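Peer 1: Hey, dropping input_4.txt in here, compact mmCIF, C-alpha atoms:
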```
# COMPACT_ATOMS: atom_id res chain seq x y z
CA MET A 239 136.78 121.24 139.58
CA ALA A 240 135.65 117.62 139.52
CA GLN A 241 137.91 114.90 138.20
CA ILE A 242 135.39 112.08 137.81
CA LEU A 243 131.76 111.94 136.68
CA VAL A 244 129.74 108.88 137.79
CA VAL A 245 126.61 108.27 135.71
CA ASP A 246 124.04 105.74 136.94
CA ASP A 247 120.27 105.79 137.39
CA SER A 248 120.65 103.87 140.66
CA SER A 249 121.33 106.09 143.65
CA THR A 250 122.66 103.01 145.45
CA VAL A 251 125.43 102.67 142.83
CA ARG A 252 126.08 106.42 142.60
CA ASP A 253 126.45 106.65 146.39
CA GLU A 254 128.64 103.56 146.61
CA VAL A 255 131.05 104.55 143.83
CA THR A 256 131.13 108.24 144.69
CA THR A 257 131.77 107.60 148.38
CA PHE A 258 134.55 105.12 147.66
CA LEU A 259 136.32 107.46 145.23
CA LYS A 260 135.96 110.50 147.51
CA ASN A 261 137.37 108.53 150.41
CA ALA A 262 140.33 107.78 148.12
CA GLY A 263 140.90 111.53 147.73
CA LEU A 264 139.29 112.04 144.33
CA ASP A 265 136.84 114.79 143.35
CA VAL A 266 133.63 113.25 142.09
CA ILE A 267 130.26 114.42 140.81
CA SER A 268 127.37 112.31 139.57
CA ALA A 269 124.53 112.23 137.05
CA VAL A 270 121.30 110.20 136.95
CA ASP A 271 121.17 109.23 133.28
CA GLY A 272 122.85 109.81 129.94
CA LYS A 273 121.15 113.16 129.31
CA ASP A 274 122.13 114.42 132.73
CA GLY A 275 125.64 113.11 132.13
CA LEU A 276 126.00 115.20 128.96
CA VAL A 277 124.76 118.31 130.81
CA LYS A 278 127.22 117.79 133.67
CA LEU A 279 130.15 117.16 131.31
CA ARG A 280 129.26 120.15 129.18
CA SER A 281 129.29 122.40 132.24
CA ASP A 282 132.49 120.92 133.69
CA PRO A 283 134.80 120.18 130.74
CA GLY A 284 137.72 119.60 133.12
CA ILE A 285 136.38 116.17 134.07
CA LYS A 286 138.98 113.56 133.16
CA LEU A 287 137.08 110.32 133.68
CA VAL A 288 133.46 109.28 133.15
CA VAL A 289 132.27 106.05 134.78
CA ALA A 290 128.89 105.16 133.28
CA ASP A 291 126.21 102.50 133.44
CA VAL A 292 124.70 101.24 130.18
CA ASN A 293 121.06 100.57 131.04
CA MET A 294 119.57 103.92 132.04
CA PRO A 295 116.31 105.69 131.24
CA ASN A 296 116.12 108.81 129.01
CA MET A 297 119.51 108.10 127.45
CA ASP A 298 121.53 104.91 127.84
CA GLY A 299 125.22 104.94 128.59
CA LEU A 300 126.51 103.86 125.17
CA THR A 301 124.49 106.55 123.41
CA MET A 302 125.85 109.04 125.93
CA VAL A 303 129.50 108.11 125.30
CA GLU A 304 128.93 108.30 121.54
CA LYS A 305 127.50 111.81 121.96
CA ILE A 306 130.38 112.83 124.23
CA ARG A 307 132.67 112.19 121.29
CA SER A 308 130.42 113.43 118.47
CA GLU A 309 128.23 116.24 119.85
CA LEU A 310 130.42 117.53 122.65
CA GLY A 311 133.53 116.98 120.58
CA ASN A 312 135.27 115.78 123.74
CA THR A 313 137.86 113.24 122.67
CA ARG A 314 140.03 113.77 125.74
CA VAL A 315 137.90 112.45 128.60
CA ASN A 316 138.48 108.80 129.54
CA LEU A 317 135.42 106.56 129.46
CA ILE A 318 134.79 103.46 131.57
CA MET A 319 131.54 101.47 131.57
CA LEU A 320 130.26 100.02 134.87
CA THR A 321 127.34 97.81 133.95
CA THR A 322 125.60 94.46 134.22
CA GLU A 323 126.07 94.03 130.46
CA SER A 324 128.85 91.82 129.14
CA SER A 325 127.82 91.03 125.59
CA PRO A 326 130.58 91.23 122.98
CA ASN A 327 128.41 93.43 120.74
CA MET A 328 127.96 96.02 123.48
CA LYS A 329 131.68 96.02 124.22
CA GLU A 330 132.46 96.51 120.53
CA ARG A 331 130.08 99.45 120.41
CA GLY A 332 131.78 100.89 123.47
CA LYS A 333 135.23 100.38 121.99
CA ALA A 334 134.17 102.12 118.79
CA ALA A 335 133.12 105.14 120.88
CA GLY A 336 136.48 105.22 122.58
CA VAL A 337 135.58 103.46 125.83
CA LYS A 338 138.80 102.46 127.57
CA GLY A 339 137.54 99.87 130.01
CA TRP A 340 134.57 97.69 130.94
CA ILE A 341 133.58 96.63 134.44
CA VAL A 342 130.78 94.16 135.05
CA LYS A 343 128.91 94.99 138.26
CA PRO A 344 129.06 94.74 141.22
CA PHE A 345 131.61 97.49 141.77
CA LYS A 346 134.79 96.49 143.60
CA GLY A 347 136.60 99.70 144.32
CA THR A 348 139.90 98.22 145.42
CA ALA A 349 140.20 96.30 142.15
CA VAL A 350 139.99 99.40 139.97
CA LEU A 351 141.19 102.34 142.10
CA GLU A 352 144.76 102.43 140.83
CA THR A 353 143.61 102.41 137.21
CA PHE A 354 141.12 105.19 137.95
CA LYS A 355 143.86 107.26 139.54
CA LYS A 356 146.08 106.81 136.48
CA LEU A 357 143.22 107.88 134.22
CA VAL A 358 142.72 111.17 136.07
CA ALA A 359 146.40 111.96 136.55
CA MET B 273 109.99 73.33 152.39
CA GLN B 274 113.26 73.39 154.26
CA PRO B 275 115.68 76.32 153.84
CA GLY B 276 119.21 75.69 152.62
CA THR B 277 120.64 75.08 149.21
CA PRO B 278 118.35 72.93 147.06
CA ALA B 279 119.91 69.95 145.31
CA MET B 280 121.10 70.74 141.78
CA ASN B 281 118.36 68.66 140.16
CA ASP B 282 115.49 69.49 142.51
CA LYS B 283 112.24 69.71 140.64
CA PRO B 284 109.93 72.50 141.72
CA VAL B 285 107.32 71.65 144.34
CA SER B 286 103.95 73.25 144.98
CA LYS B 287 102.09 74.05 148.17
CA LEU B 288 98.59 72.65 148.34
CA LEU B 289 95.96 73.23 150.95
CA VAL B 290 94.46 69.85 151.88
CA LEU B 291 90.87 70.13 153.06
CA ASP B 292 89.87 66.53 153.51
CA ASP B 293 88.45 65.19 156.79
CA SER B 294 88.46 61.55 155.90
CA PRO B 295 90.81 59.50 158.13
CA ALA B 296 90.55 56.70 155.60
CA HIS B 297 92.04 58.77 152.81
CA ILE B 298 94.30 61.34 154.41
CA GLY B 299 97.21 58.91 154.59
CA ARG B 300 96.93 58.16 150.87
CA ILE B 301 96.72 61.87 150.07
CA LYS B 302 99.82 62.56 152.15
CA GLN B 303 101.71 59.79 150.40
CA PHE B 304 100.54 61.12 147.03
CA CYS B 305 101.84 64.57 147.92
CA ASP B 306 105.19 63.21 149.09
CA VAL B 307 105.71 61.32 145.85
CA ASN B 308 104.49 64.07 143.54
CA ASN B 309 106.47 67.11 144.72
CA LEU B 310 103.56 68.57 146.63
CA VAL B 311 103.78 70.19 150.04
CA ALA B 312 100.55 69.58 151.91
CA LEU B 313 99.17 72.14 154.35
CA LYS B 314 96.33 70.74 156.42
CA PRO B 315 94.68 73.37 158.61
CA ARG B 316 92.33 72.52 161.43
CA ARG B 317 88.68 73.04 160.64
CA GLY B 318 87.68 76.64 161.22
CA ALA B 319 91.15 77.95 160.38
CA VAL B 320 90.87 77.66 156.61
CA MET B 321 90.36 81.33 155.86
CA SER B 322 93.12 82.39 158.26
CA ILE B 323 95.49 79.89 156.62
CA LEU B 324 94.59 81.34 153.26
CA ARG B 325 95.37 84.80 154.56
CA THR B 326 98.82 83.77 155.76
CA ASN B 327 99.73 81.63 152.76
CA ILE B 328 99.57 83.62 149.59
CA ASP B 329 101.80 81.45 147.46
CA LEU B 330 99.70 78.33 147.00
CA GLY B 331 99.43 76.09 143.97
CA GLY B 332 95.97 74.71 144.61
CA ILE B 333 93.59 72.99 146.96
CA LEU B 334 92.77 69.32 147.45
CA TYR B 335 89.22 69.18 148.71
CA SER B 336 86.62 66.64 149.74
CA GLU B 337 82.96 66.72 148.71
CA THR B 338 81.99 66.06 152.34
CA TYR B 339 84.39 68.54 153.95
CA GLY B 340 82.62 70.25 156.81
CA GLY B 341 80.31 67.30 157.44
CA SER B 342 77.84 67.42 154.56
CA LEU B 343 77.60 68.04 150.83
CA GLU B 344 75.87 71.38 151.39
CA GLU B 345 78.39 72.63 153.97
CA SER B 346 81.24 71.48 151.76
CA ALA B 347 79.76 73.38 148.81
CA ARG B 348 79.33 76.49 150.94
CA ILE B 349 82.92 76.44 152.19
CA ALA B 350 84.26 75.77 148.69
CA ALA B 351 82.30 78.70 147.32
CA GLU B 352 83.70 80.97 150.03
CA ILE B 353 87.26 79.85 149.25
CA HIS B 354 86.74 80.23 145.52
CA SER B 355 85.34 83.72 145.98
CA ALA B 356 88.38 84.72 148.02
CA ARG B 357 90.96 83.02 145.78
CA PRO B 358 89.53 82.32 142.31
CA GLU B 359 92.99 81.63 140.85
CA LEU B 360 93.51 78.54 143.02
CA PRO B 361 92.36 75.32 141.34
CA ILE B 362 90.19 73.31 143.73
CA ILE B 363 90.29 69.59 143.01
CA VAL B 364 87.53 67.67 144.75
CA ARG B 365 87.71 64.07 145.96
CA ARG B 366 84.39 62.37 145.48
CA GLU B 367 83.22 59.12 146.95
CA THR B 368 82.02 57.34 143.82
CA GLN B 369 82.41 59.28 140.58
CA PRO B 370 85.46 61.13 139.22
CA THR B 371 83.42 63.88 137.55
CA LEU B 372 81.72 67.05 138.67
CA SER B 373 78.22 65.97 137.67
CA GLY B 374 75.67 65.66 140.42
CA LEU B 375 77.33 68.18 142.73
CA PRO B 376 75.13 70.84 144.43
CA ALA B 377 74.10 73.76 142.27
CA GLY B 378 76.89 76.23 141.70
CA SER B 379 79.63 73.81 142.81
CA GLN B 380 80.58 72.80 139.31
CA GLN B 381 81.88 76.31 138.67
CA VAL B 382 83.93 76.24 141.86
CA PHE B 383 85.84 73.02 141.26
CA CYS B 384 88.21 72.52 138.35
CA ALA B 385 88.23 68.72 138.43
CA ALA B 386 87.23 65.69 140.47
CA TYR B 387 88.92 62.42 141.40
CA VAL B 388 88.26 59.29 143.42
CA ALA B 389 90.66 57.74 145.90
CA SER B 390 90.84 54.52 143.91
CA ASP B 391 92.42 56.31 140.93
CA MET B 392 95.25 58.54 142.11
CA ASP B 393 96.79 58.45 138.62
CA ALA B 394 93.91 60.57 137.46
CA LEU B 395 94.69 63.05 140.23
CA ARG B 396 98.28 63.13 139.03
CA LYS B 397 97.07 64.12 135.56
CA VAL B 398 94.97 66.94 137.02
CA ILE B 399 97.92 68.20 139.07
CA ASP B 400 100.05 68.19 135.92
CA GLU B 401 97.39 70.05 133.98
CA TYR B 402 96.70 72.78 136.50
CA ILE B 403 99.92 73.14 138.46
CA PHE B 404 102.92 71.50 136.80
CA CYS B 405 101.84 72.45 133.28
CA LEU B 406 105.03 74.36 132.45
CA ILE B 407 108.33 72.49 132.33
CA TYR B 408 111.33 74.35 133.69
CA PRO B 409 114.81 73.16 132.63
CA ASN B 410 116.96 72.14 135.59
CA ALA B 411 119.77 74.34 134.29
CA LEU B 412 117.45 77.34 134.48
CA LEU B 413 116.34 76.57 138.04
CA ARG B 414 119.92 76.05 139.09
CA GLY B 415 121.09 79.19 137.31
CA ILE B 416 118.42 81.45 138.77
CA SER B 417 119.20 80.33 142.31
CA GLU B 418 122.97 80.70 141.77
CA ILE B 419 122.66 84.15 140.21
CA THR B 420 120.24 85.49 142.79
CA THR B 421 122.06 84.05 145.78
CA ALA B 422 125.31 85.58 144.51
CA VAL B 423 123.70 89.00 144.01
CA LEU B 424 122.04 88.98 147.43
CA SER B 425 125.29 87.88 149.08
CA SER B 426 127.20 90.69 147.34
CA GLN B 427 124.68 93.32 148.44
CA PHE B 428 124.15 92.02 151.98
CA LYS B 429 127.62 90.89 152.94
CA ALA B 430 126.88 90.56 156.65
CA PHE B 431 123.91 88.28 156.17
CA LYS B 432 123.42 84.61 155.53
CA VAL B 433 121.41 83.92 152.39
CA SER B 434 119.37 80.74 152.24
CA LEU B 435 117.03 79.45 149.62
CA GLU B 436 114.22 76.91 149.53
CA THR B 437 113.30 74.51 146.78
CA PRO B 438 111.65 76.46 143.97
CA TYR B 439 107.92 76.07 143.79
CA ILE B 440 104.96 76.63 141.53
CA VAL B 441 102.30 79.16 142.46
CA ARG B 442 98.84 79.87 141.14
CA ASP B 443 98.14 82.71 143.57
CA ARG B 444 98.20 86.24 142.19
CA LEU B 445 98.82 87.98 145.50
CA ILE B 446 101.62 90.38 146.30
CA PHE B 447 103.82 89.69 149.31
CA GLY B 448 104.81 92.71 151.34
CA GLU B 449 104.79 96.34 150.34
CA LEU B 450 107.78 96.59 148.06
CA PHE B 451 108.14 94.88 144.72
CA SER B 452 110.01 95.31 141.48
CA LEU B 453 109.14 94.16 137.99
CA MET B 454 111.61 93.44 135.20
CA PRO B 455 110.71 92.34 131.67
CA LEU B 456 112.50 89.24 130.39
CA GLU B 457 112.78 88.89 126.60
CA SER B 458 114.47 86.08 124.73
CA VAL B 459 113.80 83.59 121.96
CA TRP B 460 112.63 81.02 124.51
CA CYS B 461 110.74 83.15 127.00
CA ARG B 462 108.91 86.45 127.33
CA GLY B 463 107.55 87.60 130.63
CA TYR B 464 108.53 89.23 133.87
CA MET B 465 110.65 88.70 136.92
CA MET B 466 109.18 90.10 140.11
CA LEU B 467 110.91 90.59 143.48
CA GLN B 468 108.68 91.12 146.51
CA THR B 469 109.55 91.89 150.10
CA GLU B 470 108.31 93.66 153.22
CA GLU B 471 109.48 97.22 153.75
CA ASP B 472 110.05 97.25 157.52
CA PRO B 473 112.39 94.22 157.71
CA PHE B 474 114.17 95.55 154.61
CA LEU B 475 114.73 98.91 156.30
CA GLU B 476 115.97 97.16 159.44
CA LEU B 477 118.58 95.35 157.37
CA LEU B 478 119.62 98.61 155.70
CA ALA B 479 119.93 100.23 159.12
CA ARG B 480 122.58 97.70 160.04
CA GLU B 481 124.88 99.28 157.43
CA ALA B 482 123.95 102.92 157.98
CA VAL B 483 120.84 104.44 159.50
CA PRO B 484 118.97 106.27 156.76
CA GLU B 485 116.88 109.31 157.61
CA ALA B 486 113.32 108.29 158.35
CA ALA B 487 111.81 110.52 155.68
CA THR B 488 114.00 109.14 152.91
CA ALA B 489 114.47 105.59 154.15
CA PHE B 490 111.84 104.11 151.91
CA ARG B 491 113.49 105.66 148.86
CA LYS B 492 116.77 103.99 149.76
CA ALA B 493 114.90 100.71 150.07
CA ASN B 494 113.28 101.31 146.68
CA ASP B 495 116.60 102.03 145.07
CA LEU B 496 118.41 99.09 146.60
CA LEU B 497 115.69 96.67 145.50
CA GLY B 498 115.91 98.24 142.06
CA GLU B 499 119.64 97.67 141.90
CA ILE B 500 119.29 94.08 143.12
CA THR B 501 116.73 93.52 140.38
CA ASN B 502 119.06 95.08 137.83
CA LEU B 503 122.00 92.90 138.90
CA ILE B 504 119.94 89.71 138.74
CA TRP B 505 118.50 90.66 135.37
CA GLY B 506 121.93 91.51 134.02
CA ALA B 507 123.38 88.17 135.03
CA PHE B 508 120.29 86.35 133.72
CA LYS B 509 120.59 88.18 130.42
CA ASN B 510 124.29 87.43 130.09
CA ARG B 511 123.71 83.74 130.81
CA TYR B 512 120.46 83.01 129.00
CA ILE B 513 119.49 85.81 126.62
CA GLY B 514 122.56 87.32 124.96
CA ASP B 515 122.17 90.27 122.62
CA GLY B 516 118.47 89.70 122.13
CA LYS B 517 118.51 90.57 118.44
CA ALA B 518 116.27 87.57 117.78
CA THR B 519 113.46 89.14 119.76
CA ALA B 520 113.56 92.48 117.97
CA GLY B 521 110.22 93.40 116.44
CA ARG B 522 108.05 91.36 118.80
CA GLN B 523 105.22 93.73 119.46
CA VAL B 524 102.80 91.56 121.41
CA GLN B 525 102.08 92.92 124.85
CA VAL B 526 99.30 92.49 127.39
CA PRO B 527 98.36 94.87 130.19
CA LEU B 528 99.51 94.08 133.71
CA LEU B 529 96.96 94.79 136.36
CA VAL B 530 97.72 95.78 139.94
CA ASN B 531 95.06 96.25 142.59
CA HIS B 532 96.77 97.72 145.64
CA LYS B 533 93.76 97.41 147.91
CA HIS B 534 93.66 93.65 147.41
CA LYS B 535 97.41 93.20 146.94
CA TYR B 536 96.72 91.55 143.63
CA ILE B 537 98.72 91.48 140.41
CA SER B 538 97.71 89.84 137.16
CA PHE B 539 99.86 89.17 134.10
CA GLY B 540 96.82 88.43 132.00
CA THR B 541 97.26 84.67 131.99
CA GLU B 542 96.15 81.63 133.94
CA ASN B 543 99.67 80.18 133.74
CA PRO B 544 101.23 79.30 137.07
CA GLN B 545 104.36 81.16 138.18
CA LEU B 546 107.76 79.88 139.21
CA CYS B 547 108.69 81.10 142.68
CA PHE B 548 111.92 81.17 144.69
CA ARG B 549 111.94 82.20 148.33
CA TYR B 550 115.12 83.55 149.87
CA THR B 551 115.77 84.33 153.50
CA LEU B 552 118.42 86.82 154.53
CA THR B 553 119.40 86.32 158.15
CA ASP B 554 121.35 88.55 160.48
CA GLU B 555 122.30 85.79 162.86
CA GLY B 556 123.87 88.16 165.36
CA ALA B 557 120.75 90.27 165.75
CA GLY B 558 118.28 87.45 165.18
CA ARG B 559 116.57 89.32 162.33
CA SER B 560 115.60 87.99 158.96
CA LEU B 561 114.09 89.16 155.71
CA ARG B 562 112.05 87.16 153.24
CA LEU B 563 112.38 87.93 149.55
CA TYR B 564 110.12 86.29 146.98
CA GLN B 565 111.27 86.04 143.38
CA ARG B 566 108.62 85.14 140.85
CA PHE B 567 108.79 84.46 137.17
CA ALA B 568 105.65 84.97 135.10
CA PHE B 569 106.28 83.86 131.53
CA ASN B 570 103.02 85.31 130.34
CA LEU B 571 103.85 86.12 126.72
CA GLU B 572 105.93 83.16 125.62
CA TRP B 573 107.38 79.97 127.07
CA SER B 574 109.39 77.60 124.89
CA PRO B 575 111.63 75.48 127.13
CA ASP B 576 112.69 73.36 124.14
CA ASP B 577 114.50 76.43 122.83
CA PHE B 578 116.16 77.17 126.17
CA THR B 579 119.89 77.57 125.91
CA GLU B 580 122.79 78.88 127.94
CA ILE B 581 125.08 81.41 126.29
CA SER B 582 128.54 79.99 125.95
CA HIS B 583 131.39 82.33 126.83
CA ASP B 584 135.02 82.23 125.84
CA VAL B 585 136.40 81.17 129.20
CA ALA B 586 139.89 82.37 128.34
CA GLY B 587 138.58 85.87 127.72
CA LEU B 588 136.36 86.10 130.81
CA VAL B 589 137.06 88.89 133.25
CA GLU B 590 135.75 88.48 136.77
CA SER B 591 132.92 90.81 137.75
CA GLY B 592 134.21 93.92 139.46
CA GLU B 593 137.53 93.72 137.62
CA MET B 594 138.20 96.05 134.69
CA GLU B 595 138.66 94.71 131.19
CA LEU B 596 140.92 97.21 129.46
CA PHE B 597 140.54 97.77 125.74
```
Please express the file's structure as structure tokens.

Peer 2:
Amino acid sequence: MAQILVVDDSSTVRDEVTTFLKNAGLDVISAVDGKDGLVKLRSDPGIKLVVADVNMPNMDGLTMVEKIRSELGNTRVNLIMLTTESSPNMKERGKAAGVKGWIVKPFKGTAVLETFKKLVA
Amino acid sequence: MQPGTPAMNDKPVSKLLVLDDSPAHIGRIKQFCDVNNLVALKPRRGAVMSILRTNIDLGGILYSETYGGSLEESARIAAEIHSARPELPIIVRRETQPTLSGLPAGSQQVFCAAYVASDMDALRKVIDEYIFCLIYPNALLRGISEITTAVLSSQFKAFKVSLETPYIVRDRLIFGELFSLMPLESVWCRGYMMLQTEEDPFLELLAREAVPEAATAFRKANDLLGEITNLIWGAFKNRYIGDGKATAGRQVQVPLLVNHKHKYISFGTENPQLCFRYTLTDEGAGRSLRLYQRFAFNLEWSPDDFTEISHDVAGLVESGEMELF
């Protein structure tokens, strides 16, 4: 059963983040966009942390996290955004959907690993 | 153009092909170029078309009405150049009159303007009209180079990233086989950012980190260029665009045209493009990669409205670090 779901349309980012977290002993799966993210979360409700990009085709990351709370009714999973976006409005929208943290790319695994581990514990 | 880090207030330059045989005037033309941010390329006679093939990021051509030895030969060569590269303005130096009247039949459509050596101020005006017609704020030039250099350095940690002075291009040709396009929308600009590079050197650089399977290597290259584009765009947006609410509802669009056979891309405008050229060097292996970054502000350009987004410095979290809510 996976612990973390990484959602990003870029395979470069998915590979980088997934590989880092797996090497740290975590169970990770990935999705290619917001729609795919909802499908993966629906089929694996044991996931404890979602790390998602904002700018993705088909369904963006903020819409996805809003639907995780509203349509999936999943208020338990922790949500972190990993994105190039840093506008206050976007962060407010994320906060309103229950996002716990915001990371502006590029990903620096060592800076966030301990927090990720706490969020899946 | 020398590689390195351009000075903070470097104005863009432009590469011009100089096709002028006159020993009496070539010194003045060179001095004019030096003073007016122009980089002169002077090929030997007979090598013009090969120079054009190897330089696809030119701003224009300074020509002479007697290039090639006679008015008729000069007109023939100019027509050949214009047919190959119609986007490049050809400015002709004439002996006595600074207009296009009296030139051989058909030549007037080939040249965009004329000048005489005794009035280089008039040439300056033509250069401003056809090449330096868009003003780019220094803060924007500085910011683009800082952002892009930082992104490239973060993605290619083992390589040295160097950058040349930004320059203005009239050419519409695509460098290499791999390019990305990203729309840019703000209250002061609407257009596209384009990154162009060659696939084989890019794959060689990727192989330094981990050798991708041959069949899927190009997809990794595609994806990495896409992510680089995304990172640059994100930083550009955070610094110069903000939330973009002010641009909501702007429906004007024009078709982009790509002709793969001729490696040609058009944004539907005659406007010149702003170009940055980066070189990524693996000094240990002696390999390098060229990356061209072009900005085509084809839909809107209002530098007077250019602004940088101010951020609350106290609240800033470094990229890669998590801001907890």

Peer 1: Report as a PDB file with C-alpha atoms, keeping the file's coordinate frame the set of chain B residues whose atoms approach chain A to within 12 Å, with distances computed over all atoms listed in the file.

Peer 2:
```pdb
ATOM      1  CA  ALA B 422     125.310  85.580 144.510  1.00  0.00           C
ATOM      2  CA  VAL B 423     123.700  89.000 144.010  1.00  0.00           C
ATOM      3  CA  LEU B 424     122.040  88.980 147.430  1.00  0.00           C
ATOM      4  CA  SER B 425     125.290  87.880 149.080  1.00  0.00           C
ATOM      5  CA  SER B 426     127.200  90.690 147.340  1.00  0.00           C
ATOM      6  CA  GLN B 427     124.680  93.320 148.440  1.00  0.00           C
ATOM      7  CA  LEU B 478     119.620  98.610 155.700  1.00  0.00           C
ATOM      8  CA  ARG B 491     113.490 105.660 148.860  1.00  0.00           C
ATOM      9  CA  LYS B 492     116.770 103.990 149.760  1.00  0.00           C
ATOM     10  CA  ALA B 493     114.900 100.710 150.070  1.00  0.00           C
ATOM     11  CA  ASN B 494     113.280 101.310 146.680  1.00  0.00           C
ATOM     12  CA  ASP B 495     116.600 102.030 145.070  1.00  0.00           C
ATOM     13  CA  LEU B 496     118.410  99.090 146.600  1.00  0.00           C
ATOM     14  CA  LEU B 497     115.690  96.670 145.500  1.00  0.00           C
ATOM     15  CA  GLY B 498     115.910  98.240 142.060  1.00  0.00           C
ATOM     16  CA  GLU B 499     119.640  97.670 141.900  1.00  0.00           C
ATOM     17  CA  ILE B 500     119.290  94.080 143.120  1.00  0.00           C
ATOM     18  CA  THR B 501     116.730  93.520 140.380  1.00  0.00           C
ATOM     19  CA  ASN B 502     119.060  95.080 137.830  1.00  0.00           C
ATOM     20  CA  LEU B 503     122.000  92.900 138.900  1.00  0.00           C
ATOM     21  CA  ILE B 504     119.940  89.710 138.740  1.00  0.00           C
ATOM     22  CA  TRP B 505     118.500  90.660 135.370  1.00  0.00           C
ATOM     23  CA  GLY B 506     121.930  91.510 134.020  1.00  0.00           C
ATOM     24  CA  ALA B 507     123.380  88.170 135.030  1.00  0.00           C
ATOM     25  CA  PHE B 508     120.290  86.350 133.720  1.00  0.00           C
ATOM     26  CA  LYS B 509     120.590  88.180 130.420  1.00  0.00           C
ATOM     27  CA  ASN B 510     124.290  87.430 130.090  1.00  0.00           C
ATOM     28  CA  ARG B 511     123.710  83.740 130.810  1.00  0.00           C
ATOM     29  CA  TYR B 512     120.460  83.010 129.000  1.00  0.00           C
ATOM     30  CA  ILE B 513     119.490  85.810 126.620  1.00  0.00           C
ATOM     31  CA  GLY B 514     122.560  87.320 124.960  1.00  0.00           C
ATOM     32  CA  ASP B 515     122.170  90.270 122.620  1.00  0.00           C
ATOM     33  CA  GLY B 516     118.470  89.700 122.130  1.00  0.00           C
ATOM     34  CA  LYS B 517     118.510  90.570 118.440  1.00  0.00           C
ATOM     35  CA  ILE B 581     125.080  81.410 126.290  1.00  0.00           C
ATOM     36  CA  SER B 582     128.540  79.990 125.950  1.00  0.00           C
ATOM     37  CA  HIS B 583     131.390  82.330 126.830  1.00  0.00           C
ATOM     38  CA  ASP B 584     135.020  82.230 125.840  1.00  0.00           C
ATOM     39  CA  GLY B 587     138.580  85.870 127.720  1.00  0.00           C
ATOM     40  CA  LEU B 588     136.360  86.100 130.810  1.00  0.00           C
ATOM     41  CA  VAL B 589     137.060  88.890 133.250  1.00  0.00           C
ATOM     42  CA  GLU B 590     135.750  88.480 136.770  1.00  0.00           C
ATOM     43  CA  SER B 591     132.920  90.810 137.750  1.00  0.00           C
ATOM     44  CA  GLY B 592     134.210  93.920 139.460  1.00  0.00           C
ATOM     45  CA  GLU B 593     137.530  93.720 137.620  1.00  0.00           C
ATOM     46  CA  MET B 594     138.200  96.050 134.690  1.00  0.00           C
ATOM     47  CA  GLU B 595     138.660  94.710 131.190  1.00  0.00           C
ATOM     48  CA  LEU B 596     140.920  97.210 129.460  1.00  0.00           C
ATOM     49  CA  PHE B 597     140.540  97.770 125.740  1.00  0.00           C
TER      50      PHE B 597
END
```

Peer 1: Would you list the contacts of region 261-277 of chain A as a count of residues only, taking every protein, DNA or RNA residue within 6 Å and counting all atoms listed in the file, but skipping same-chain residues closer than 2 positions in sequence?

Peer 2: 17

Peer 1: Within 12 Å of Asp293 (chain B), counting all atoms listed in the file, which residues show up once you throw out same-chain ones fewer than 2 positions away? Write them as number ranges by chain, please.

Peer 2: B: 290-291, 295-299, 301, 314-317, 334-342, 346, 365

Peer 1: What is the distance, in Å and to one decimal place, between CA of Thr551 (chain B) and CA of Ser434 (chain B)?

Peer 2: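 Atom-to-atom, CA of Thr551 (chain B) to CA of Ser434 (chain B), that is 5.2 Å.
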
Peer 1: Give me, please, the distance in Å between CA of Cys547 (chain B) and CA of Val285 (chain B), quoted to one decimal.

Peer 2: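 Result for CA of Cys547 (chain B) versus CA of Val285 (chain B): 9.7 Å, one decimal.
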
Peer 1: Could you check the closest approach to Leu357 (chain A) for each of A:Ile306, A:Val315, A:Ala290, A:Leu300 and tell me which residue wins, using only C-alpha atoms?

Peer 2: A:Val315

Peer 1: In Å, rounded to a single decimal, give me how far CA of Phe447 (chain B) is from CA of Leu475 (chain B).

Peer 2: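 Taking CA of Leu475 (chain B) and CA of Phe447 (chain B), their separation equals 15.9 Å.
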
Peer 1: For region 564-570 of chain B, which lacks atoms in the input, supply N, CA and C atoms and format the output as a PDB file, keeping the file's coordinate frame.

Peer 2:
```
ATOM      1  N   TYR B 564     110.723  87.208 147.937  1.00  0.00           N
ATOM      2  CA  TYR B 564     110.120  86.290 146.980  1.00  0.00           C
ATOM      3  C   TYR B 564     110.522  86.733 145.569  1.00  0.00           C
ATOM      4  N   GLN B 565     110.916  85.777 144.774  1.00  0.00           N
ATOM      5  CA  GLN B 565     111.270  86.040 143.380  1.00  0.00           C
ATOM      6  C   GLN B 565     110.336  85.196 142.518  1.00  0.00           C
ATOM      7  N   ARG B 566     109.571  85.876 141.678  1.00  0.00           N
ATOM      8  CA  ARG B 566     108.620  85.140 140.850  1.00  0.00           C
ATOM      9  C   ARG B 566     108.886  85.389 139.384  1.00  0.00           C
ATOM     10  N   PHE B 567     108.650  84.363 138.605  1.00  0.00           N
ATOM     11  CA  PHE B 567     108.790  84.460 137.170  1.00  0.00           C
ATOM     12  C   PHE B 567     107.429  84.157 136.530  1.00  0.00           C
ATOM     13  N   ALA B 568     106.922  85.139 135.808  1.00  0.00           N
ATOM     14  CA  ALA B 568     105.650  84.970 135.100  1.00  0.00           C
ATOM     15  C   ALA B 568     105.955  85.055 133.613  1.00  0.00           C
ATOM     16  N   PHE B 569     106.006  83.879 132.963  1.00  0.00           N
ATOM     17  CA  PHE B 569     106.280  83.860 131.530  1.00  0.00           C
ATOM     18  C   PHE B 569     104.939  83.935 130.809  1.00  0.00           C
ATOM     19  N   ASN B 570     104.397  85.145 130.787  1.00  0.00           N
ATOM     20  CA  ASN B 570     103.020  85.310 130.340  1.00  0.00           C
ATOM     21  C   ASN B 570     102.891  85.482 128.831  1.00  0.00           C
TER      22      ASN B 570
END
```
